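S.K.: Below is protein-v6.txt; it holds compact mmCIF, C-alpha atoms.
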# COMPACT_ATOMS: atom_id res chain seq x y z
CA MET A 1 -4.03 -3.33 6.48
CA ARG A 2 -2.11 -6.12 8.16
CA PHE A 3 0.76 -8.32 6.95
CA ASP A 4 1.99 -11.38 8.82
CA ILE A 5 5.29 -12.79 7.56
CA MET A 6 6.18 -16.38 8.48
CA THR A 7 9.96 -16.68 8.39
CA LEU A 8 13.08 -18.27 9.87
CA PHE A 9 14.73 -14.83 9.96
CA PRO A 10 12.32 -12.36 11.58
CA ASP A 11 15.08 -9.99 12.72
CA ALA A 12 16.30 -9.53 9.17
CA VAL A 13 12.78 -8.78 7.93
CA ASP A 14 12.02 -6.42 10.82
CA ALA A 15 15.19 -4.46 10.17
CA MET A 16 13.89 -3.53 6.73
CA MET A 17 10.16 -3.30 7.33
CA GLN A 18 10.42 -0.94 10.30
CA GLU A 19 12.37 1.74 8.43
CA SER A 20 11.54 4.75 6.25
CA ILE A 21 8.06 5.09 4.75
CA LEU A 22 6.79 1.72 5.96
CA GLY A 23 8.06 2.37 9.48
CA ARG A 24 6.29 5.72 9.63
CA ALA A 25 3.10 4.21 8.20
CA GLN A 26 3.09 1.62 10.97
CA LYS A 27 3.56 4.26 13.65
CA LYS A 28 0.55 6.08 12.20
CA GLY A 29 -1.50 2.86 12.29
CA LEU A 30 -2.04 2.78 8.54
CA ILE A 31 -0.48 -0.66 8.16
CA GLU A 32 0.73 -3.40 10.47
CA ILE A 33 3.62 -5.72 9.63
CA ASN A 34 4.31 -8.64 11.97
CA THR A 35 6.96 -11.32 11.70
CA HIS A 36 6.64 -14.82 13.13
CA GLN A 37 9.53 -17.16 13.84
CA ILE A 38 8.48 -20.53 12.43
CA ARG A 39 10.86 -22.35 14.79
CA ASP A 40 8.76 -21.20 17.74
CA TYR A 41 6.01 -23.51 16.55
CA THR A 42 7.96 -26.77 16.46
CA THR A 43 7.20 -29.62 18.83
CA ASN A 44 10.76 -30.95 19.26
CA LYS A 45 13.58 -29.80 21.53
CA GLN A 46 15.87 -29.03 18.61
CA ASN A 47 13.35 -26.61 17.06
CA GLN A 48 13.79 -28.55 13.85
CA VAL A 49 11.67 -27.31 10.95
CA ASP A 50 13.00 -29.48 8.10
CA ASP A 51 13.63 -33.09 7.18
CA TYR A 52 14.73 -35.24 4.25
CA PRO A 53 12.33 -35.47 1.29
CA TYR A 54 10.44 -38.68 0.64
CA GLY A 55 11.67 -40.33 -2.53
CA GLY A 56 15.22 -39.13 -2.03
CA GLY A 57 17.01 -36.15 -3.45
CA ARG A 58 19.29 -33.40 -2.27
CA GLY A 59 18.59 -30.95 0.52
CA ALA A 60 15.74 -30.83 3.00
CA ILE A 61 12.07 -29.86 2.98
CA MET A 62 10.30 -27.61 5.48
CA GLN A 63 7.82 -29.70 7.42
CA CYS A 64 4.06 -29.26 7.61
CA ASP A 65 3.60 -29.09 11.38
CA PRO A 66 5.64 -25.99 12.29
CA LEU A 67 4.31 -24.16 9.24
CA TYR A 68 0.73 -25.11 10.03
CA ASN A 69 1.03 -24.32 13.74
CA CYS A 70 2.40 -20.87 12.95
CA TRP A 71 -0.25 -20.23 10.30
CA ALA A 72 -3.07 -21.42 12.59
CA ALA A 73 -1.87 -19.20 15.44
CA ILE A 74 -2.00 -16.16 13.15
CA GLN A 75 -5.49 -17.10 11.97
CA ASP A 76 -6.66 -17.47 15.58
CA GLU A 77 -5.22 -14.06 16.45
CA LEU A 78 -6.99 -12.48 13.48
CA GLY A 79 -10.24 -14.24 14.25
CA GLY A 80 -10.75 -15.20 10.63
CA HIS A 81 -9.08 -16.23 7.40
CA ALA A 82 -6.22 -14.14 6.03
CA HIS A 83 -5.27 -14.37 2.36
CA THR A 84 -2.22 -16.66 2.39
CA ILE A 85 0.62 -16.37 -0.14
CA PHE A 86 3.56 -18.72 -0.50
CA LEU A 87 6.57 -17.05 -2.10
CA SER A 88 7.69 -19.55 -4.70
CA PRO A 89 9.53 -19.58 -8.05
CA CYS A 90 6.64 -21.79 -9.23
CA GLY A 91 4.10 -19.04 -8.62
CA SER A 92 2.61 -16.49 -10.98
CA THR A 93 4.79 -13.45 -11.59
CA PHE A 94 4.13 -10.45 -9.36
CA HIS A 95 3.20 -7.18 -11.10
CA GLN A 96 1.52 -3.86 -10.36
CA GLU A 97 -1.99 -5.13 -11.12
CA LYS A 98 -1.53 -7.89 -8.56
CA ALA A 99 -0.32 -5.29 -6.05
CA LYS A 100 -3.54 -3.34 -6.65
CA GLN A 101 -5.60 -6.48 -6.08
CA LEU A 102 -3.80 -7.38 -2.88
CA ALA A 103 -4.18 -3.82 -1.57
CA GLN A 104 -7.91 -4.55 -1.28
CA LYS A 105 -7.28 -7.30 1.27
CA GLU A 106 -7.57 -6.60 4.98
CA ALA A 107 -4.98 -9.16 6.03
CA ILE A 108 -2.28 -11.09 4.17
CA ILE A 109 -0.01 -13.90 5.38
CA LEU A 110 3.29 -14.26 3.52
CA VAL A 111 5.00 -17.64 3.87
CA CYS A 112 8.78 -17.66 3.36
CA GLY A 113 10.19 -21.00 2.31
CA HIS A 114 13.77 -22.25 2.62
CA TYR A 115 15.94 -25.23 1.77
CA GLU A 116 14.49 -27.17 -1.18
CA GLY A 117 10.94 -25.98 -0.55
CA ILE A 118 8.04 -26.76 1.74
CA ASP A 119 5.80 -29.79 2.13
CA GLN A 120 3.15 -29.71 -0.61
CA ARG A 121 0.45 -30.70 1.87
CA PHE A 122 0.77 -27.35 3.67
CA ILE A 123 0.39 -25.57 0.33
CA ASP A 124 -2.68 -27.64 -0.54
CA GLU A 125 -4.25 -27.09 2.88
CA CYS A 126 -3.45 -23.47 3.70
CA VAL A 127 -2.13 -21.46 0.74
CA ASP A 128 -4.46 -19.37 -1.42
CA GLU A 129 -1.91 -18.54 -4.11
CA GLU A 130 1.77 -18.84 -4.95
CA ILE A 131 3.63 -15.76 -6.18
CA SER A 132 7.08 -15.31 -7.72
CA ILE A 133 8.91 -12.00 -8.16
CA GLY A 134 10.72 -13.26 -11.26
CA ASP A 135 12.10 -16.21 -13.16
CA PHE A 136 15.04 -16.89 -10.86
CA VAL A 137 15.68 -18.71 -7.59
CA LEU A 138 16.64 -17.14 -4.25
CA THR A 139 17.88 -18.74 -1.05
CA GLY A 140 14.66 -17.95 0.77
CA GLY A 141 11.31 -16.21 0.59
CA GLU A 142 12.16 -13.22 2.77
CA LEU A 143 13.19 -10.87 -0.03
CA PRO A 144 10.07 -11.62 -2.13
CA ALA A 145 7.87 -11.23 0.96
CA MET A 146 9.37 -7.82 1.67
CA VAL A 147 8.99 -6.81 -1.99
CA ILE A 148 5.29 -7.66 -1.95
CA ALA A 149 4.65 -6.06 1.45
CA ASP A 150 6.38 -2.89 0.26
CA ALA A 151 4.64 -2.72 -3.13
CA VAL A 152 1.20 -3.31 -1.61
CA SER A 153 1.66 -1.09 1.46
CA ARG A 154 2.46 1.99 -0.59
CA LEU A 155 -0.97 1.67 -2.26
CA VAL A 156 -2.77 1.87 1.09
CA PRO A 157 -4.38 5.31 1.43
CA GLY A 158 -2.23 7.68 3.46
CA VAL A 159 1.01 5.70 3.30
CA LEU A 160 2.48 7.97 0.60
CA GLY A 161 0.42 10.99 1.53
CA ASP A 162 -1.07 11.49 -1.95
CA ASP A 163 -2.33 8.97 -4.52
CA ILE A 164 -0.56 10.88 -7.29
CA CYS A 165 2.72 9.70 -5.72
CA PHE A 166 2.17 6.21 -7.09
CA GLN A 167 -0.23 6.90 -9.95
CA ASP A 168 2.50 8.82 -11.77
CA GLU A 169 5.00 5.98 -11.43
CA SER A 170 6.06 3.21 -13.78
CA HIS A 171 3.56 0.41 -14.48
CA TRP A 172 0.53 2.13 -12.92
CA ASP A 173 -1.17 2.60 -16.30
CA GLY A 174 0.97 0.32 -18.43
CA LEU A 175 3.65 2.94 -19.10
CA LEU A 176 7.11 3.51 -17.68
CA GLU A 177 7.68 6.73 -15.79
CA TYR A 178 9.16 9.71 -17.61
CA PRO A 179 12.81 10.76 -16.95
CA GLN A 180 13.40 12.89 -13.85
CA TYR A 181 15.96 15.67 -13.28
CA SER A 182 17.17 17.78 -10.35
CA ARG A 183 19.80 20.46 -9.68
CA PRO A 184 22.24 21.47 -11.10
CA GLU A 185 20.84 22.45 -14.50
CA ASN A 186 24.13 21.48 -16.17
CA TRP A 187 26.02 18.41 -15.00
CA HIS A 188 29.09 17.10 -16.86
CA GLY A 189 27.90 19.02 -19.89
CA LEU A 190 24.46 17.42 -19.80
CA GLN A 191 21.63 19.92 -19.69
CA VAL A 192 18.18 19.54 -18.14
CA PRO A 193 15.55 19.58 -20.94
CA GLU A 194 14.52 23.17 -21.59
CA VAL A 195 10.81 22.45 -21.27
CA LEU A 196 11.27 21.52 -17.61
CA LEU A 197 12.71 24.97 -16.93
CA SER A 198 9.93 26.82 -18.77
CA GLY A 199 7.41 27.01 -15.95
CA ASP A 200 4.67 26.04 -18.39
CA HIS A 201 2.93 23.17 -16.60
CA ALA A 202 0.81 22.20 -19.61
CA LYS A 203 3.92 21.82 -21.77
CA VAL A 204 5.70 19.92 -19.02
CA ASP A 205 2.78 17.48 -18.66
CA ARG A 206 2.68 16.94 -22.43
CA TRP A 207 6.44 16.35 -22.57
CA ARG A 208 6.26 13.88 -19.71
CA LYS A 209 3.45 11.94 -21.35
CA LYS A 210 5.42 11.72 -24.59
CA GLN A 211 8.55 10.62 -22.76
CA SER A 212 6.65 7.90 -20.89
CA ILE A 213 5.35 6.50 -24.17
CA LEU A 214 8.70 6.65 -25.95
CA ARG A 215 10.57 5.27 -22.95
CA THR A 216 8.18 2.33 -22.76
CA MET A 217 8.61 1.66 -26.47
CA HIS A 218 12.42 1.67 -26.32
CA LEU A 219 12.98 -0.01 -22.93
CA ARG A 220 9.98 -2.34 -22.64
CA PRO A 221 8.65 -3.24 -26.09
CA ASP A 222 6.63 -6.02 -24.45
CA LEU A 223 4.61 -3.44 -22.53
CA PHE A 224 4.42 -1.08 -25.48
CA ALA A 225 2.90 -3.82 -27.64
CA LYS A 226 -0.11 -3.88 -25.30
CA LEU A 227 -0.81 -0.16 -25.64
CA ARG A 228 -3.52 1.22 -27.90
CA PHE A 229 -3.45 4.87 -28.90
CA PRO A 230 -6.76 6.76 -29.16
CA TYR A 231 -7.15 8.54 -32.47
CA LYS A 232 -10.71 9.84 -32.34
CA THR A 233 -10.48 13.50 -31.40
CA ARG A 234 -8.49 16.24 -33.07
CA ALA A 235 -6.34 16.65 -29.96
CA GLU A 236 -5.55 12.93 -29.89
CA ARG A 237 -4.61 12.89 -33.56
CA LYS A 238 -2.36 15.91 -33.05
CA PHE A 239 -0.63 14.26 -30.10
CA VAL A 240 0.04 11.03 -32.02
CA ALA A 241 1.23 13.01 -35.04
CA GLU A 242 3.75 14.85 -32.87
CA LEU A 243 5.09 11.55 -31.56
CA GLU A 244 5.36 10.17 -35.09
CA GLU A 245 7.33 13.24 -36.13
CA GLU A 246 9.64 13.12 -33.12
CA ASP A 247 10.53 9.42 -33.19
CA ASP A 248 11.09 7.16 -36.19
CA ASP A 249 10.44 3.99 -34.20
CA PHE A 250 7.09 5.29 -33.02
CA ARG A 251 6.13 6.21 -36.58
CA ASN A 252 6.94 2.65 -37.69
CA ARG A 253 5.29 0.93 -34.72
CA ASP A 254 3.20 -2.22 -34.98
CA PRO A 255 -0.13 -1.60 -36.73
CA LYS A 256 -1.89 -3.23 -33.77
CA ASN A 257 -1.28 0.01 -31.88
CA LEU A 258 -3.68 1.73 -34.30
CA ASP A 259 -6.82 -0.10 -33.26
CA TYR A 260 -8.68 3.10 -32.48
CA ARG A 261 -7.69 5.02 -35.60
CA LYS A 262 -10.76 6.14 -37.55
Can you dump the structure from the file as structure tokens?
M.R.:
Amino acid sequence: MRFDIMTLFPDAVDAMMQESILGRAQKKGLIEINTHQIRDYTTNKQNQVDDYPYGGGRGAIMQCDPLYNCWAAIQDELGGHAHTIFLSPCGSTFHQEKAKQLAQKEAIILVCGHYEGIDQRFIDECVDEEISIGDFVLTGGELPAMVIADAVSRLVPGVLGDDICFQDESHWDGLLEYPQYSRPENWHGLQVPEVLLSGDHAKVDRWRKKQSILRTMHLRPDLFAKLRFPYKTRAERKFVAELEEEDDDFRNRDPKNLDYRK
């Protein structure tokens, strides 16, 4: 899978993208992350990429030509169209499902804006979708571009070594990840849960599933509200009953979570 990041700060992006897991994945040829200096595609001696906005207002706007020239050069190199994303606070919010969708693409171009934004005509002409990483504003698109490249890359087969590495994590199936512990067993008087020391893998898996559900309920009620608990088999009813006994909030949860109870 290939990522091409259009930016005014390629060195800053490279410094992050070439390290750790993503760096090793690139050396193995599993992914390819390229940065492109937008200033290299200007047609003026000053390498100017911005100008005042029509209609007045503060700040400057990134111009169409250098953005388009950079984008077109990447398309020519690829020999076809790459899915193009503009990182923008106006875009739809990035989430794990979107990461899964993007992981199916062969090539993605990430456009990093600056100043007060970019010329709308480039967006209309070249951008397939706008994506935001949250309801806040940053000084540029580099951080969001790196977030998306990282989140998508780790879903590419082989990057993490084993699919279970990301399938067990928060948000994969709508739940937050269970709490994790390491040595020592006792730290500042806080003890590792006994079940994790038992060596009984079935009990550990059951405890982790319960903790994921309860953690989601307490920390992310918005996600919990979307969950539906199966209540058809005896084993499912027993599992839900145990949760109801262990946690008052779960016992008093929204009736919508009982859609499958029969």
S.K.: Go through segment 35-65 of chain A and flag each residue having an atom no more than 12 Å from segment 136-144 of chain A; for those, report the closest pair of atoms plus their distance in Å to one decimal, using only C-alpha atoms, ordered by chain and rising number, as CSV.
M.R.:
residue,atom,partner,partner_atom,distance
A:Thr35,CA,A:Glu142,CA,10.5
A:His36,CA,A:Glu142,CA,11.8
A:Met62,CA,A:Gly140,CA,11.6
S.K.: Convert the current residue selection to file output with C-alpha atoms, as a PDB file, keeping the file's coordinate frame.
M.R.:
ATOM      1  CA  THR A  35       6.960 -11.320  11.700  1.00  0.00           C
ATOM      2  CA  HIS A  36       6.640 -14.820  13.130  1.00  0.00           C
ATOM      3  CA  MET A  62      10.300 -27.610   5.480  1.00  0.00           C
TER       4      MET A  62
END
S.K.: Which neighbours of Ser182 of chain A fall inside 12 Å, counting all atoms listed in the file, when residues of the same chain fewer than 3 positions from it are skipped, and could you give them as a ChimeraX atom specification?
M.R.: /A:179,185-187,190-193,196-197
S.K.: Ranking A:Glu130, A:Asp4, A:Gly91, A:Asp50 by minimum distance to Ala72 of chain A and counting all atoms listed in the file, which one comes first?
M.R.: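 Closest to Ala72 of chain A, using all atoms listed in the file: A:Asp4.
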S.K.: Using only C-alpha atoms, which protein or nucleic acid residues come within 7 Å of Ile61 of chain A? Drop anything in the same chain fewer than 4 positions from it, and give the result as a ChimeraX atom specification.
M.R.: /A:50-53,115-119
S.K.: With C-alpha atoms retained, could you export that selection as an mmCIF file, in the coordinates of the input?
M.R.:
data_model
loop_
_atom_site.group_PDB
_atom_site.id
_atom_site.type_symbol
_atom_site.label_atom_id
_atom_site.label_comp_id
_atom_site.auth_asym_id
_atom_site.auth_seq_id
_atom_site.Cartn_x
_atom_site.Cartn_y
_atom_site.Cartn_z
ATOM 1 C CA ASP A 50 13.000 -29.480 8.100
ATOM 2 C CA ASP A 51 13.630 -33.090 7.180
ATOM 3 C CA TYR A 52 14.730 -35.240 4.250
ATOM 4 C CA PRO A 53 12.330 -35.470 1.290
ATOM 5 C CA TYR A 115 15.940 -25.230 1.770
ATOM 6 C CA GLU A 116 14.490 -27.170 -1.180
ATOM 7 C CA GLY A 117 10.940 -25.980 -0.550
ATOM 8 C CA ILE A 118 8.040 -26.760 1.740
ATOM 9 C CA ASP A 119 5.800 -29.790 2.130
#
S.K.: Quick one: residues within 12 Å of segment 37-42 of chain A, all atoms listed in the file, excluding same-chain residues fewer than 2 positions away - as an NGL selection string?
M.R.: :A and (4-14 or 34-35 or 44-50 or 62-74 or 111-114)
S.K.: Regenerate segment 80-100 of chain A at the level of N, CA, C and O atoms and dump it as an mmCIF file, in the frame of the given file.
M.R.:
data_model
loop_
_atom_site.group_PDB
_atom_site.id
_atom_site.type_symbol
_atom_site.label_atom_id
_atom_site.label_comp_id
_atom_site.auth_asym_id
_atom_site.auth_seq_id
_atom_site.Cartn_x
_atom_site.Cartn_y
_atom_site.Cartn_z
ATOM 1 N N GLY A 80 -10.178 -14.892 11.941
ATOM 2 C CA GLY A 80 -10.750 -15.200 10.630
ATOM 3 C C GLY A 80 -9.656 -15.542 9.650
ATOM 4 O O GLY A 80 -8.469 -15.553 9.990
ATOM 5 N N HIS A 81 -10.050 -15.803 8.404
ATOM 6 C CA HIS A 81 -9.080 -16.230 7.400
ATOM 7 C C HIS A 81 -8.354 -15.035 6.805
ATOM 8 O O HIS A 81 -8.976 -14.033 6.433
ATOM 9 N N ALA A 82 -7.039 -15.142 6.720
ATOM 10 C CA ALA A 82 -6.220 -14.140 6.030
ATOM 11 C C ALA A 82 -5.745 -14.733 4.710
ATOM 12 O O ALA A 82 -5.374 -15.907 4.639
ATOM 13 N N HIS A 83 -5.736 -13.916 3.677
ATOM 14 C CA HIS A 83 -5.270 -14.370 2.360
ATOM 15 C C HIS A 83 -3.810 -14.809 2.489
ATOM 16 O O HIS A 83 -2.947 -14.024 2.891
ATOM 17 N N THR A 84 -3.533 -16.072 2.146
ATOM 18 C CA THR A 84 -2.220 -16.660 2.390
ATOM 19 C C THR A 84 -1.457 -16.853 1.094
ATOM 20 O O THR A 84 -1.955 -17.485 0.159
ATOM 21 N N ILE A 85 -0.231 -16.310 1.059
ATOM 22 C CA ILE A 85 0.620 -16.370 -0.140
ATOM 23 C C ILE A 85 1.909 -17.086 0.201
ATOM 24 O O ILE A 85 2.582 -16.751 1.181
ATOM 25 N N PHE A 86 2.265 -18.052 -0.608
ATOM 26 C CA PHE A 86 3.560 -18.720 -0.500
ATOM 27 C C PHE A 86 4.469 -18.140 -1.565
ATOM 28 O O PHE A 86 4.122 -18.132 -2.750
ATOM 29 N N LEU A 87 5.614 -17.621 -1.162
ATOM 30 C CA LEU A 87 6.570 -17.050 -2.100
ATOM 31 C C LEU A 87 7.366 -18.177 -2.741
ATOM 32 O O LEU A 87 8.163 -18.848 -2.076
ATOM 33 N N SER A 88 7.145 -18.374 -4.031
ATOM 34 C CA SER A 88 7.690 -19.550 -4.700
ATOM 35 C C SER A 88 8.066 -19.240 -6.142
ATOM 36 O O SER A 88 7.324 -18.526 -6.839
ATOM 37 N N PRO A 89 9.190 -19.765 -6.634
ATOM 38 C CA PRO A 89 9.530 -19.580 -8.050
ATOM 39 C C PRO A 89 8.545 -20.269 -8.984
ATOM 40 O O PRO A 89 8.550 -20.011 -10.193
ATOM 41 N N CYS A 90 7.669 -21.116 -8.421
ATOM 42 C CA CYS A 90 6.640 -21.790 -9.230
ATOM 43 C C CYS A 90 5.380 -20.945 -9.363
ATOM 44 O O CYS A 90 4.475 -21.303 -10.123
ATOM 45 N N GLY A 91 5.315 -19.834 -8.625
ATOM 46 C CA GLY A 91 4.100 -19.040 -8.620
ATOM 47 C C GLY A 91 3.968 -18.136 -9.820
ATOM 48 O O GLY A 91 4.879 -18.004 -10.650
ATOM 49 N N SER A 92 2.820 -17.469 -9.921
ATOM 50 C CA SER A 92 2.610 -16.490 -10.980
ATOM 51 C C SER A 92 3.447 -15.256 -10.696
ATOM 52 O O SER A 92 3.704 -14.914 -9.537
ATOM 53 N N THR A 93 3.874 -14.570 -11.742
ATOM 54 C CA THR A 93 4.790 -13.450 -11.590
ATOM 55 C C THR A 93 4.077 -12.223 -11.020
ATOM 56 O O THR A 93 3.016 -11.830 -11.499
ATOM 57 N N PHE A 94 4.678 -11.633 -10.018
ATOM 58 C CA PHE A 94 4.130 -10.450 -9.360
ATOM 59 C C PHE A 94 4.237 -9.235 -10.286
ATOM 60 O O PHE A 94 5.236 -9.052 -10.979
ATOM 61 N N HIS A 95 3.195 -8.393 -10.291
ATOM 62 C CA HIS A 95 3.200 -7.180 -11.100
ATOM 63 C C HIS A 95 2.299 -6.152 -10.428
ATOM 64 O O HIS A 95 1.655 -6.431 -9.403
ATOM 65 N N GLN A 96 2.242 -4.958 -11.007
ATOM 66 C CA GLN A 96 1.520 -3.860 -10.360
ATOM 67 C C GLN A 96 0.026 -4.144 -10.233
ATOM 68 O O GLN A 96 -0.594 -3.770 -9.234
ATOM 69 N N GLU A 97 -0.560 -4.808 -11.211
ATOM 70 C CA GLU A 97 -1.990 -5.130 -11.120
ATOM 71 C C GLU A 97 -2.262 -6.055 -9.951
ATOM 72 O O GLU A 97 -3.277 -5.921 -9.266
ATOM 73 N N LYS A 98 -1.369 -6.999 -9.717
ATOM 74 C CA LYS A 98 -1.530 -7.890 -8.560
ATOM 75 C C LYS A 98 -1.394 -7.102 -7.261
ATOM 76 O O LYS A 98 -2.115 -7.343 -6.290
ATOM 77 N N ALA A 99 -0.468 -6.139 -7.239
ATOM 78 C CA ALA A 99 -0.320 -5.290 -6.050
ATOM 79 C C ALA A 99 -1.620 -4.549 -5.770
ATOM 80 O O ALA A 99 -2.051 -4.432 -4.611
ATOM 81 N N LYS A 100 -2.262 -4.036 -6.819
ATOM 82 C CA LYS A 100 -3.540 -3.340 -6.650
ATOM 83 C C LYS A 100 -4.600 -4.271 -6.075
ATOM 84 O O LYS A 100 -5.384 -3.881 -5.199
#
